[in-house]
file data.cif (mmCIF, C-alpha atoms (C1' of nucleotides))
data_run
#
loop_
_atom_site.label_atom_id
_atom_site.label_comp_id
_atom_site.auth_asym_id
_atom_site.auth_seq_id
_atom_site.Cartn_x
_atom_site.Cartn_y
_atom_site.Cartn_z
CA MET B 1 -0.72 -11.26 -11.35
CA SER B 2 1.21 -9.39 -13.99
CA THR B 3 4.73 -8.17 -13.40
CA LEU B 4 5.66 -4.61 -12.63
CA ASP B 5 7.23 -2.60 -15.40
CA ARG B 6 9.52 0.36 -15.19
CA ARG B 7 6.65 2.75 -14.95
CA ASP B 8 5.15 1.02 -11.92
CA ILE B 9 8.55 1.01 -10.29
CA ASP B 10 9.15 4.67 -11.13
CA ILE B 11 5.84 5.58 -9.58
CA LEU B 12 6.52 3.60 -6.41
CA PHE B 13 9.99 5.09 -6.10
CA ALA B 14 8.59 8.57 -6.59
CA ILE B 15 6.12 7.92 -3.79
CA ALA B 16 8.90 6.79 -1.48
CA GLU B 17 11.16 9.70 -2.40
CA THR B 18 8.62 12.49 -2.28
CA ASN B 19 6.88 11.04 0.77
CA SER B 20 3.62 11.66 -0.99
CA PHE B 21 1.25 9.82 -3.24
CA SER B 22 -0.90 12.62 -4.46
CA THR B 23 -1.40 12.16 -8.18
CA GLU B 24 -0.27 15.75 -8.59
CA THR B 25 3.08 15.26 -6.83
CA ILE B 26 3.86 11.99 -8.55
CA HIS B 27 2.95 13.51 -11.87
CA GLU B 28 5.43 16.31 -11.27
CA ALA B 29 8.16 13.93 -10.09
CA THR B 30 7.82 11.49 -12.98
CA ASP B 31 6.36 13.45 -15.89
CA ILE B 32 3.75 10.76 -16.27
CA PRO B 33 0.33 12.34 -16.89
CA LYS B 34 -1.95 12.68 -13.91
CA SER B 35 -4.62 10.37 -15.23
CA THR B 36 -2.05 7.68 -15.96
CA VAL B 37 -0.53 7.99 -12.50
CA HIS B 38 -4.01 7.57 -11.12
CA TYR B 39 -4.71 4.58 -13.33
CA ARG B 40 -1.47 2.83 -12.41
CA ILE B 41 -1.77 3.39 -8.67
CA GLN B 42 -5.32 2.09 -8.85
CA SER B 43 -4.11 -1.00 -10.69
CA LEU B 44 -1.37 -1.59 -8.12
CA LYS B 45 -4.00 -1.45 -5.41
CA ASP B 46 -6.44 -3.66 -7.28
CA GLU B 47 -3.74 -6.25 -7.81
CA GLY B 48 -2.68 -6.08 -4.17
CA VAL B 49 0.87 -4.88 -4.76
CA VAL B 50 -0.09 -1.86 -2.72
CA GLU B 51 -2.04 -3.33 0.14
CA ASN B 52 -3.91 -0.34 1.53
CA ASP B 53 -4.17 3.43 1.56
CA LEU B 54 -1.18 3.57 3.88
CA PHE B 55 0.87 2.15 1.02
CA GLU B 56 2.08 -0.93 2.73
CA LEU B 57 3.57 -3.13 0.03
CA ASP B 58 3.39 -6.80 -0.83
CA ARG B 59 7.13 -7.32 -0.67
CA GLU B 60 6.98 -10.60 -2.56
CA ARG B 61 5.37 -8.86 -5.50
CA ILE B 62 8.00 -6.15 -5.41
CA GLY B 63 10.57 -8.92 -5.71
CA LEU B 64 11.91 -8.68 -2.18
CA ALA B 65 11.17 -12.25 -1.21
CA ILE B 66 14.21 -12.89 0.97
CA THR B 67 14.52 -11.53 4.50
CA VAL B 68 17.88 -11.68 6.22
CA ILE B 69 18.39 -10.87 9.89
CA SER B 70 22.00 -10.26 10.85
CA GLU B 71 23.84 -9.75 14.09
CA VAL B 72 26.94 -7.64 13.70
CA TRP B 73 29.89 -7.25 16.05
CA ALA B 74 32.16 -4.28 15.59
CA GLU B 75 35.19 -2.63 17.10
CA TYR B 76 34.94 1.08 17.54
CA GLY B 77 35.88 4.08 19.63
CA GLU B 78 33.65 6.59 21.31
CA GLY B 79 30.77 7.72 19.16
CA TYR B 80 31.77 5.60 16.21
CA HIS B 81 28.66 3.45 16.27
CA GLU B 82 26.83 6.23 14.46
CA GLU B 83 29.33 6.08 11.64
CA ILE B 84 29.32 2.31 11.36
CA GLY B 85 25.54 2.32 11.56
CA THR B 86 25.41 4.73 8.67
CA LYS B 87 27.67 2.49 6.62
CA LEU B 88 25.44 -0.49 7.36
CA SER B 89 22.38 1.57 6.46
CA ALA B 90 23.80 2.44 3.09
CA ILE B 91 24.08 -1.16 1.89
CA GLU B 92 21.49 -1.83 -0.78
CA GLY B 93 18.57 -3.79 0.62
CA VAL B 94 19.16 -2.93 4.27
CA ASN B 95 16.06 -1.41 5.75
CA GLN B 96 16.44 -1.66 9.48
CA VAL B 97 19.54 -1.07 11.61
CA TYR B 98 19.50 -1.19 15.39
CA PHE B 99 22.40 -0.33 17.66
CA THR B 100 22.04 -2.69 20.58
CA MET B 101 23.42 -3.18 24.04
CA GLY B 102 24.56 -6.51 25.33
CA ASP B 103 26.32 -9.26 23.45
CA THR B 104 25.67 -7.90 19.98
CA ASP B 105 26.49 -4.45 18.61
CA PHE B 106 24.06 -4.15 15.72
CA VAL B 107 21.03 -5.99 14.44
CA VAL B 108 20.35 -5.49 10.74
CA ILE B 109 17.32 -6.52 8.72
CA ALA B 110 17.59 -6.63 4.94
CA ARG B 111 15.12 -7.52 2.19
CA LEU B 112 16.73 -9.01 -0.88
CA THR B 113 15.78 -10.27 -4.29
CA SER B 114 18.18 -13.15 -4.83
CA ARG B 115 20.93 -15.39 -3.49
CA ASP B 116 23.41 -13.17 -5.31
CA MET B 117 22.19 -10.23 -3.35
CA VAL B 118 22.66 -12.15 -0.10
CA GLU B 119 26.27 -12.85 -0.99
CA ARG B 120 26.75 -9.19 -1.83
CA LEU B 121 25.28 -8.21 1.53
CA VAL B 122 27.80 -10.32 3.39
CA GLU B 123 30.64 -8.98 1.27
CA ASP B 124 29.49 -5.45 2.00
CA TYR B 125 29.50 -6.22 5.72
CA GLU B 126 33.03 -7.52 5.49
CA SER B 127 34.21 -4.51 3.53
CA ILE B 128 33.55 -2.30 6.56
CA ASP B 129 36.82 -2.11 8.48
CA GLU B 130 35.45 -1.91 11.98
CA ILE B 131 33.28 -4.99 11.61
CA ARG B 132 34.69 -8.04 13.37
CA ARG B 133 32.09 -10.70 12.88
CA THR B 134 28.59 -11.20 11.51
CA SER B 135 26.01 -13.91 11.85
CA SER B 136 23.00 -14.02 9.55
CA LYS B 137 19.85 -16.05 9.45
CA PHE B 138 17.01 -16.22 6.97
CA ALA B 139 13.42 -15.57 7.84
CA ILE B 140 11.30 -18.28 6.31
CA THR B 141 8.13 -16.34 6.91
CA THR B 142 7.38 -12.85 7.99
CA ILE B 143 4.50 -13.62 10.32
CA LYS B 144 3.83 -10.07 11.34
CA GLU B 145 5.19 -6.74 10.23
CA ASP B 146 3.33 -3.72 11.49
CA VAL B 147 5.20 -0.55 10.79
CA GLY B 148 4.56 3.14 10.41
CA VAL B 149 1.17 4.17 11.78
CA SER B 150 0.03 0.59 11.61
CA VAL B 151 2.12 -0.35 14.66
CA LEU B 152 -0.69 1.19 16.63
CA ARG B 153 -2.90 -1.75 15.71
CA ASN B 154 -1.30 -3.73 18.50
CA TYR B 155 -1.72 -1.39 21.46
CA GLU B 156 -4.51 -0.41 23.74
CA PRO B 157 -5.20 3.32 23.42
CA GLU B 158 -4.86 3.51 27.19
CA THR B 159 -1.30 2.21 27.06
CA LEU B 160 -0.20 5.07 24.86
CA LEU B 161 -2.27 7.59 26.72
CA ALA B 162 -0.58 6.55 29.95
CA ALA B 163 2.81 6.83 28.28
CA GLN B 164 2.11 10.45 27.42
CA GLY B 165 1.61 11.29 31.05
CA ILE B 166 4.83 9.58 32.01
CA SER B 167 7.08 10.89 29.27
CA GLU B 168 6.35 14.60 29.55
CA GLU B 169 5.14 15.56 32.95
CA SER B 170 5.86 14.44 36.46
CA VAL B 171 3.27 12.22 38.00
CA SER B 172 0.11 14.27 38.28
CA GLU B 173 -2.08 13.74 41.29
CA GLU B 174 -5.47 14.50 39.68
CA MET M 175 6.46 19.68 22.15
CA SER M 176 3.09 19.21 23.79
CA THR M 177 1.79 15.79 24.75
CA LEU M 178 -0.80 13.87 22.86
CA ASP M 179 -4.27 13.73 24.31
CA ARG M 180 -6.97 11.14 23.84
CA ARG M 181 -8.23 12.83 20.73
CA ASP M 182 -4.85 12.69 19.01
CA ILE M 183 -4.55 9.06 19.96
CA ASP M 184 -8.06 8.28 18.77
CA ILE M 185 -7.31 9.88 15.43
CA LEU M 186 -4.05 7.99 15.01
CA PHE M 187 -5.71 4.70 15.96
CA ALA M 188 -8.53 5.38 13.53
CA ILE M 189 -5.97 5.94 10.78
CA ALA M 190 -4.28 2.64 11.59
CA GLU M 191 -7.55 0.74 11.80
CA THR M 192 -9.26 2.11 8.73
CA ASN M 193 -6.04 2.10 6.71
CA SER M 194 -6.92 5.57 5.59
CA PHE M 195 -6.29 9.12 6.64
CA SER M 196 -8.84 10.96 4.62
CA THR M 197 -10.42 13.55 6.88
CA GLU M 198 -13.75 12.17 5.76
CA THR M 199 -13.02 8.58 6.84
CA ILE M 200 -11.51 9.59 10.16
CA HIS M 201 -14.41 11.89 10.81
CA GLU M 202 -16.80 8.97 10.28
CA ALA M 203 -14.76 6.61 12.45
CA THR M 204 -14.34 8.99 15.36
CA ASP M 205 -17.29 11.41 15.19
CA ILE M 206 -14.84 14.27 15.46
CA PRO M 207 -15.82 17.06 13.04
CA LYS M 208 -14.00 17.16 9.73
CA SER M 209 -12.35 20.49 10.31
CA THR M 210 -11.11 19.38 13.71
CA VAL M 211 -9.71 16.17 12.28
CA HIS M 212 -7.95 18.26 9.70
CA TYR M 213 -6.66 20.67 12.31
CA ARG M 214 -5.36 17.89 14.56
CA ILE M 215 -3.64 15.94 11.81
CA GLN M 216 -2.03 19.13 10.62
CA SER M 217 -0.80 19.83 14.15
CA LEU M 218 0.61 16.32 14.45
CA LYS M 219 2.50 16.87 11.23
CA ASP M 220 3.70 20.33 12.20
CA GLU M 221 4.98 19.02 15.48
CA GLY M 222 6.69 16.10 13.80
CA VAL M 223 4.72 13.35 15.50
CA VAL M 224 3.62 12.33 12.03
CA GLU M 225 6.77 12.61 9.99
CA ASN M 226 5.48 12.73 6.45
CA ASP M 227 2.54 12.12 4.17
CA LEU M 228 3.17 8.38 4.39
CA PHE M 229 2.34 8.63 8.06
CA GLU M 230 5.55 7.37 9.45
CA LEU M 231 5.52 8.15 13.15
CA ASP M 232 8.01 9.55 15.59
CA ARG M 233 7.85 6.60 17.93
CA GLU M 234 9.46 8.48 20.81
CA ARG M 235 6.67 11.03 20.69
CA ILE M 236 4.08 8.30 20.65
CA GLY M 237 5.66 7.00 23.82
CA LEU M 238 7.24 3.90 22.31
CA ALA M 239 10.78 4.73 23.28
CA ILE M 240 11.98 1.22 24.06
CA THR M 241 12.86 -1.29 21.34
CA VAL M 242 13.35 -4.91 22.31
CA ILE M 243 14.68 -7.53 19.92
CA SER M 244 14.09 -11.11 21.05
CA GLU M 245 15.19 -14.48 19.85
CA VAL M 246 12.73 -17.20 20.68
CA TRP M 247 13.23 -20.96 20.72
CA ALA M 248 10.16 -23.15 20.64
CA GLU M 249 9.11 -26.77 20.52
CA TYR M 250 6.47 -27.57 18.01
CA GLY M 251 5.12 -30.14 15.60
CA GLU M 252 4.48 -29.79 11.89
CA GLY M 253 2.79 -26.57 10.96
CA TYR M 254 2.60 -25.34 14.50
CA HIS M 255 4.95 -22.44 13.96
CA GLU M 256 2.07 -20.53 12.45
CA GLU M 257 0.12 -20.91 15.65
CA ILE M 258 2.98 -19.93 17.91
CA GLY M 259 3.78 -17.01 15.63
CA THR M 260 0.23 -15.83 15.97
CA LYS M 261 0.44 -16.01 19.74
CA LEU M 262 3.64 -13.99 19.68
CA SER M 263 2.05 -11.48 17.33
CA ALA M 264 -0.83 -10.92 19.71
CA ILE M 265 1.32 -9.71 22.59
CA GLU M 266 0.82 -6.01 23.10
CA GLY M 267 3.70 -4.05 21.69
CA VAL M 268 4.99 -6.73 19.33
CA ASN M 269 5.17 -5.40 15.84
CA GLN M 270 7.41 -7.72 13.93
CA VAL M 271 7.59 -11.51 14.08
CA TYR M 272 9.86 -13.57 11.83
CA PHE M 273 9.94 -17.34 11.65
CA THR M 274 13.55 -18.17 10.99
CA MET M 275 15.66 -21.10 9.95
CA GLY M 276 18.87 -22.03 11.67
CA ASP M 277 19.67 -21.80 15.34
CA THR M 278 16.73 -19.63 16.31
CA ASP M 279 13.06 -20.25 15.70
CA PHE M 280 11.59 -16.77 15.89
CA VAL M 281 12.88 -13.24 15.96
CA VAL M 282 10.50 -10.74 17.53
CA ILE M 283 10.73 -6.96 17.59
CA ALA M 284 8.61 -5.06 20.09
CA ARG M 285 8.20 -1.36 20.85
CA LEU M 286 7.37 -0.60 24.44
CA THR M 287 6.62 2.32 26.68
CA SER M 288 8.18 1.32 29.98
CA ARG M 289 10.24 -1.14 31.98
CA ASP M 290 6.99 -2.60 33.25
CA MET M 291 5.96 -3.33 29.73
CA VAL M 292 9.25 -5.12 29.09
CA GLU M 293 8.65 -7.37 32.08
CA ARG M 294 5.17 -8.06 30.85
CA LEU M 295 6.55 -8.96 27.43
CA VAL M 296 8.85 -11.58 28.90
CA GLU M 297 6.06 -12.97 31.06
CA ASP M 298 3.86 -13.20 28.00
CA TYR M 299 6.59 -15.11 26.18
CA GLU M 300 6.85 -17.53 29.07
CA SER M 301 3.12 -18.05 29.23
CA ILE M 302 3.19 -19.65 25.80
CA ASP M 303 3.54 -23.40 26.40
CA GLU M 304 5.61 -24.29 23.38
CA ILE M 305 8.26 -21.69 24.07
CA ARG M 306 11.46 -23.15 25.49
CA ARG M 307 13.78 -20.22 25.80
CA THR M 308 14.04 -16.54 24.93
CA SER M 309 16.87 -14.06 24.75
CA SER M 310 16.18 -10.36 24.50
CA LYS M 311 18.32 -7.34 23.91
CA PHE M 312 17.58 -3.64 23.88
CA ALA M 313 18.20 -1.38 20.95
CA ILE M 314 19.88 1.76 22.18
CA THR M 315 19.24 3.56 18.94
CA THR M 316 17.18 2.80 15.89
CA ILE M 317 19.64 3.97 13.29
CA LYS M 318 17.49 3.17 10.31
CA GLU M 319 13.96 1.98 9.89
CA ASP M 320 12.57 2.11 6.41
CA VAL M 321 9.29 0.33 6.14
CA GLY M 322 6.21 0.25 3.94
CA VAL M 323 6.78 1.98 0.61
CA SER M 324 9.76 3.75 2.07
CA VAL M 325 11.88 0.58 1.95
CA LEU M 326 12.27 1.41 -1.71
CA ARG M 327 14.51 4.31 -0.79
CA ASN M 328 17.41 1.94 -0.47
CA TYR M 329 17.28 0.11 -3.79
CA GLU M 330 18.31 0.88 -7.31
CA PRO M 331 15.25 0.82 -9.57
CA GLU M 332 17.18 -1.60 -11.78
CA THR M 333 17.51 -4.10 -8.95
CA LEU M 334 13.76 -4.39 -8.60
CA LEU M 335 13.18 -4.29 -12.31
CA ALA M 336 15.54 -7.21 -12.73
CA ALA M 337 13.76 -9.09 -9.96
CA GLN M 338 10.51 -8.79 -11.86
CA GLY M 339 12.00 -10.52 -14.84
CA ILE M 340 13.28 -13.32 -12.69
CA SER M 341 10.24 -13.91 -10.54
CA GLU M 342 7.57 -14.13 -13.22
CA GLU M 343 8.89 -15.09 -16.61
CA SER M 344 11.65 -17.29 -17.86
CA VAL M 345 14.75 -15.51 -19.05
CA SER M 346 13.81 -13.50 -22.10
CA GLU M 347 16.35 -13.32 -24.90
CA GLU M 348 15.63 -9.91 -26.36
"C1'" DA T 349 -2.99 1.05 -21.62
"C1'" DT T 350 -2.79 6.12 -22.35
"C1'" DT T 351 -4.26 10.60 -22.29
"C1'" DG T 352 -6.44 15.67 -21.97
"C1'" DA T 353 -10.19 17.85 -20.46
"C1'" DA T 354 -14.47 17.89 -17.91
"C1'" DA T 355 -17.00 16.88 -13.64
"C1'" DC T 356 -16.89 16.30 -9.16
"C1'" DT T 357 -15.31 15.27 -4.40
"C1'" DT T 358 -12.40 16.51 -0.81
"C1'" DG T 359 -9.30 18.82 1.90
"C1'" DA T 360 -7.97 23.44 3.39
"C1'" DT T 361 -9.33 28.07 4.81
"C1'" DC T 362 -11.91 31.55 7.23
"C1'" DG T 363 -14.54 33.72 10.70
"C1'" DT T 364 -17.11 32.83 14.90
"C1'" DT T 365 -17.67 30.83 19.42
"C1'" DA U 366 -8.80 24.82 20.45
"C1'" DA U 367 -13.25 23.63 18.19
"C1'" DC U 368 -16.32 23.99 14.61
"C1'" DG U 369 -19.70 24.89 10.41
"C1'" DA U 370 -19.80 27.03 6.09
"C1'" DT U 371 -17.30 28.35 2.05
"C1'" DC U 372 -13.92 27.98 -1.65
"C1'" DA U 373 -9.87 26.28 -3.93
"C1'" DA U 374 -7.54 22.30 -5.17
"C1'" DG U 375 -6.89 17.84 -6.33
"C1'" DT U 376 -8.88 13.46 -7.61
"C1'" DT U 377 -11.71 10.67 -10.46
"C1'" DT U 378 -14.24 9.94 -14.52
"C1'" DC U 379 -15.02 9.97 -19.38
"C1'" DA U 380 -14.51 9.41 -24.26
"C1'" DA U 381 -11.05 9.10 -27.85
"C1'" DT U 382 -6.85 6.98 -29.37
#
call {"tool": "encode", "arguments": {"input": "data.cif", "output": "structure tokens"}}
result
Amino acid sequence: MSTLDRRDIDILFAIAETNSFSTETIHEATDIPKSTVHYRIQSLKDEGVVENDLFELDRERIGLAITVISEVWAEYGEGYHEEIGTKLSAIEGVNQVYFTMGDTDFVVIARLTSRDMVERLVEDYESIDEIRRTSSKFAITTIKEDVGVSVLRNYEPETLLAAQGISEESVSEE
Amino acid sequence: MSTLDRRDIDILFAIAETNSFSTETIHEATDIPKSTVHYRIQSLKDEGVVENDLFELDRERIGLAITVISEVWAEYGEGYHEEIGTKLSAIEGVNQVYFTMGDTDFVVIARLTSRDMVERLVEDYESIDEIRRTSSKFAITTIKEDVGVSVLRNYEPETLLAAQGISEESVSEE
DNA sequence: ATTGAAACTTGATCGTT
DNA sequence: AACGATCAAGTTTCAAT
């Protein structure tokens, strides 16, 4: 259960930025020798920081222990939601932004390291002119978080197969 | 912009289930020849269904065009939130479940293929005894969704480096 | 823990059906 | 589009530091 050092972090960032985790690519992006990149990634996997070959992370180990879910109400003209959404997206720690219909305008999910960072998040919300009101709650536990390809774990193949028929073609009368 | 057939779906499911996308592993899991697995995965990438080497998916193309965000209120004794959370997690299409503090008990995010599936989701909520009330809204657009390793894209390396110091060791006085 | 170079495994290519 | 055989490329190992 050792801590991550700058090199681990650099490697993980390089993976996220290059969208690749080939030892070759990460070597080129970081100037860390291939064999060391390999060794470090292996260690991260052994220790469980990287949870599988799909590079899902143990967020706690990365230091992102706090999850904040915010509802955001904004005032905006035609087409401005894109712009406000982009501003929300740019706040450090924000990793999901949904533009919603109904009583709320945006739902934002952020992963943060500390109380300080939570305060900063709220300040950053308030610094956006168009934003009228926000309401945030903490997630005590993330019970489930399937993302990327792994979302598929919770569907029947038939459900998605059926969706293909519906989305592209008219109803076929086989 | 062709549709996905059963083979594409089988390959994607195999990736999600085995947590791996080596042609070798997928070949073993599906009995589809290596070169065909390779060919199909390449096609999925070329067409943008698979968006990068981290296997982030274009959810629209997979048929999961609808995003529903639900707040769920429940009645439960000590330690029962785990159980209810598990029930929520098991509903087809649910891919994020947060147990929250404050006015709501759970926040659930589901990705669905059709209106029918939305109705089914709500019915499934209601079929859970402990659940008192739910409130769902649709996301019109997913403006940002960084998940897995890619969450790192929105942090300064220093932020996470600092978090390491805090989480594991006492303050060092270098 | 780090590294360069060697050994090997795998993914990518090619030509055929 | 599917596939088996071939080859290039990248990954993993190894021994030294």
call {"tool": "resolve_selection", "arguments": {"input": "data.cif", "expression": "the PyMOL selection byres ((chain B and resi 30) around 8)", "output": "JSON, numbers by chain"}}
result
{"B": [10, 11, 14, 26, 27, 28, 29, 31, 32]}
call {"tool": "atom_distance", "arguments": {"input": "data.cif", "atom1": "atom CA of Ala337 of chain M", "atom2": "atom CA of Gly48 of chain B"}}
result
17.7 Å
call {"tool": "closest_residue", "arguments": {"input": "data.cif", "among": "M:Thr210, M:Thr333, M:Asn193, M:Thr315", "to": "chain U", "atoms": "only C-alpha atoms (C1' of nucleotides)"}}
result
M:Thr210
call {"tool": "resolve_selection", "arguments": {"input": "data.cif", "expression": "the PyMOL selection byres ((chain B and resi 49) around 8)", "output": "count of residues only"}}
result
12
call {"tool": "closest_residue", "arguments": {"input": "data.cif", "among": "B:Phe21, B:Leu4, B:Ala139, B:Leu12", "to": "chain U", "atoms": "only C-alpha atoms (C1' of nucleotides)"}}
result
B:Phe21
call {"tool": "build_atoms", "arguments": {"input": "data.cif", "residues": "segment 274-293 of chain M", "atoms": "N, CA, C and O atoms", "output": "compact mmCIF listing (two decimals), keeping the file's coordinate frame"}}
result
# COMPACT_ATOMS: atom_id res chain seq x y z
N THR M 274 12.23 -18.08 11.61
CA THR M 274 13.55 -18.17 10.99
C THR M 274 14.06 -19.60 10.88
O THR M 274 13.60 -20.49 11.59
N MET M 275 15.03 -19.81 10.01
CA MET M 275 15.66 -21.10 9.95
C MET M 275 17.05 -20.97 10.58
O MET M 275 17.60 -19.89 10.65
N GLY M 276 17.56 -22.06 11.03
CA GLY M 276 18.87 -22.03 11.67
C GLY M 276 18.74 -22.22 13.16
O GLY M 276 17.84 -22.91 13.63
N ASP M 277 19.59 -21.56 13.90
CA ASP M 277 19.67 -21.80 15.34
C ASP M 277 18.52 -21.23 16.14
O ASP M 277 18.24 -21.68 17.25
N THR M 278 17.86 -20.22 15.59
CA THR M 278 16.73 -19.63 16.31
C THR M 278 15.44 -20.01 15.61
O THR M 278 15.44 -20.32 14.42
N ASP M 279 14.33 -19.95 16.33
CA ASP M 279 13.06 -20.25 15.70
C ASP M 279 12.28 -19.00 15.30
O ASP M 279 11.68 -18.93 14.24
N PHE M 280 12.28 -18.03 16.20
CA PHE M 280 11.59 -16.77 15.89
C PHE M 280 12.47 -15.58 16.27
O PHE M 280 13.25 -15.66 17.23
N VAL M 281 12.33 -14.52 15.53
CA VAL M 281 12.88 -13.24 15.96
C VAL M 281 11.70 -12.30 16.10
O VAL M 281 10.84 -12.23 15.22
N VAL M 282 11.64 -11.61 17.23
CA VAL M 282 10.50 -10.74 17.53
C VAL M 282 11.01 -9.33 17.83
O VAL M 282 11.99 -9.17 18.56
N ILE M 283 10.38 -8.35 17.26
CA ILE M 283 10.73 -6.96 17.59
C ILE M 283 9.51 -6.28 18.20
O ILE M 283 8.41 -6.34 17.64
N ALA M 284 9.71 -5.71 19.37
CA ALA M 284 8.61 -5.06 20.09
C ALA M 284 9.00 -3.63 20.44
O ALA M 284 10.17 -3.34 20.69
N ARG M 285 8.01 -2.76 20.46
CA ARG M 285 8.20 -1.36 20.85
C ARG M 285 7.39 -1.10 22.09
O ARG M 285 6.17 -1.29 22.07
N LEU M 286 8.04 -0.67 23.16
CA LEU M 286 7.37 -0.60 24.44
C LEU M 286 7.52 0.76 25.09
O LEU M 286 8.39 1.54 24.73
N THR M 287 6.64 1.00 26.06
CA THR M 287 6.62 2.32 26.68
C THR M 287 7.43 2.41 27.96
O THR M 287 7.86 3.48 28.36
N SER M 288 7.60 1.27 28.63
CA SER M 288 8.18 1.32 29.98
C SER M 288 8.85 0.00 30.36
O SER M 288 8.65 -1.03 29.71
N ARG M 289 9.61 0.06 31.42
CA ARG M 289 10.24 -1.14 31.98
C ARG M 289 9.18 -2.19 32.33
O ARG M 289 9.36 -3.37 32.08
N ASP M 290 8.10 -1.71 32.91
CA ASP M 290 6.99 -2.60 33.25
C ASP M 290 6.55 -3.40 32.04
O ASP M 290 6.29 -4.60 32.12
N MET M 291 6.46 -2.70 30.94
CA MET M 291 5.96 -3.33 29.73
C MET M 291 6.96 -4.37 29.22
O MET M 291 6.58 -5.36 28.61
N VAL M 292 8.23 -4.14 29.48
CA VAL M 292 9.25 -5.12 29.09
C VAL M 292 9.07 -6.39 29.92
O VAL M 292 9.09 -7.51 29.39
N GLU M 293 8.88 -6.20 31.22
CA GLU M 293 8.65 -7.37 32.08
C GLU M 293 7.43 -8.16 31.64
O GLU M 293 7.46 -9.39 31.57
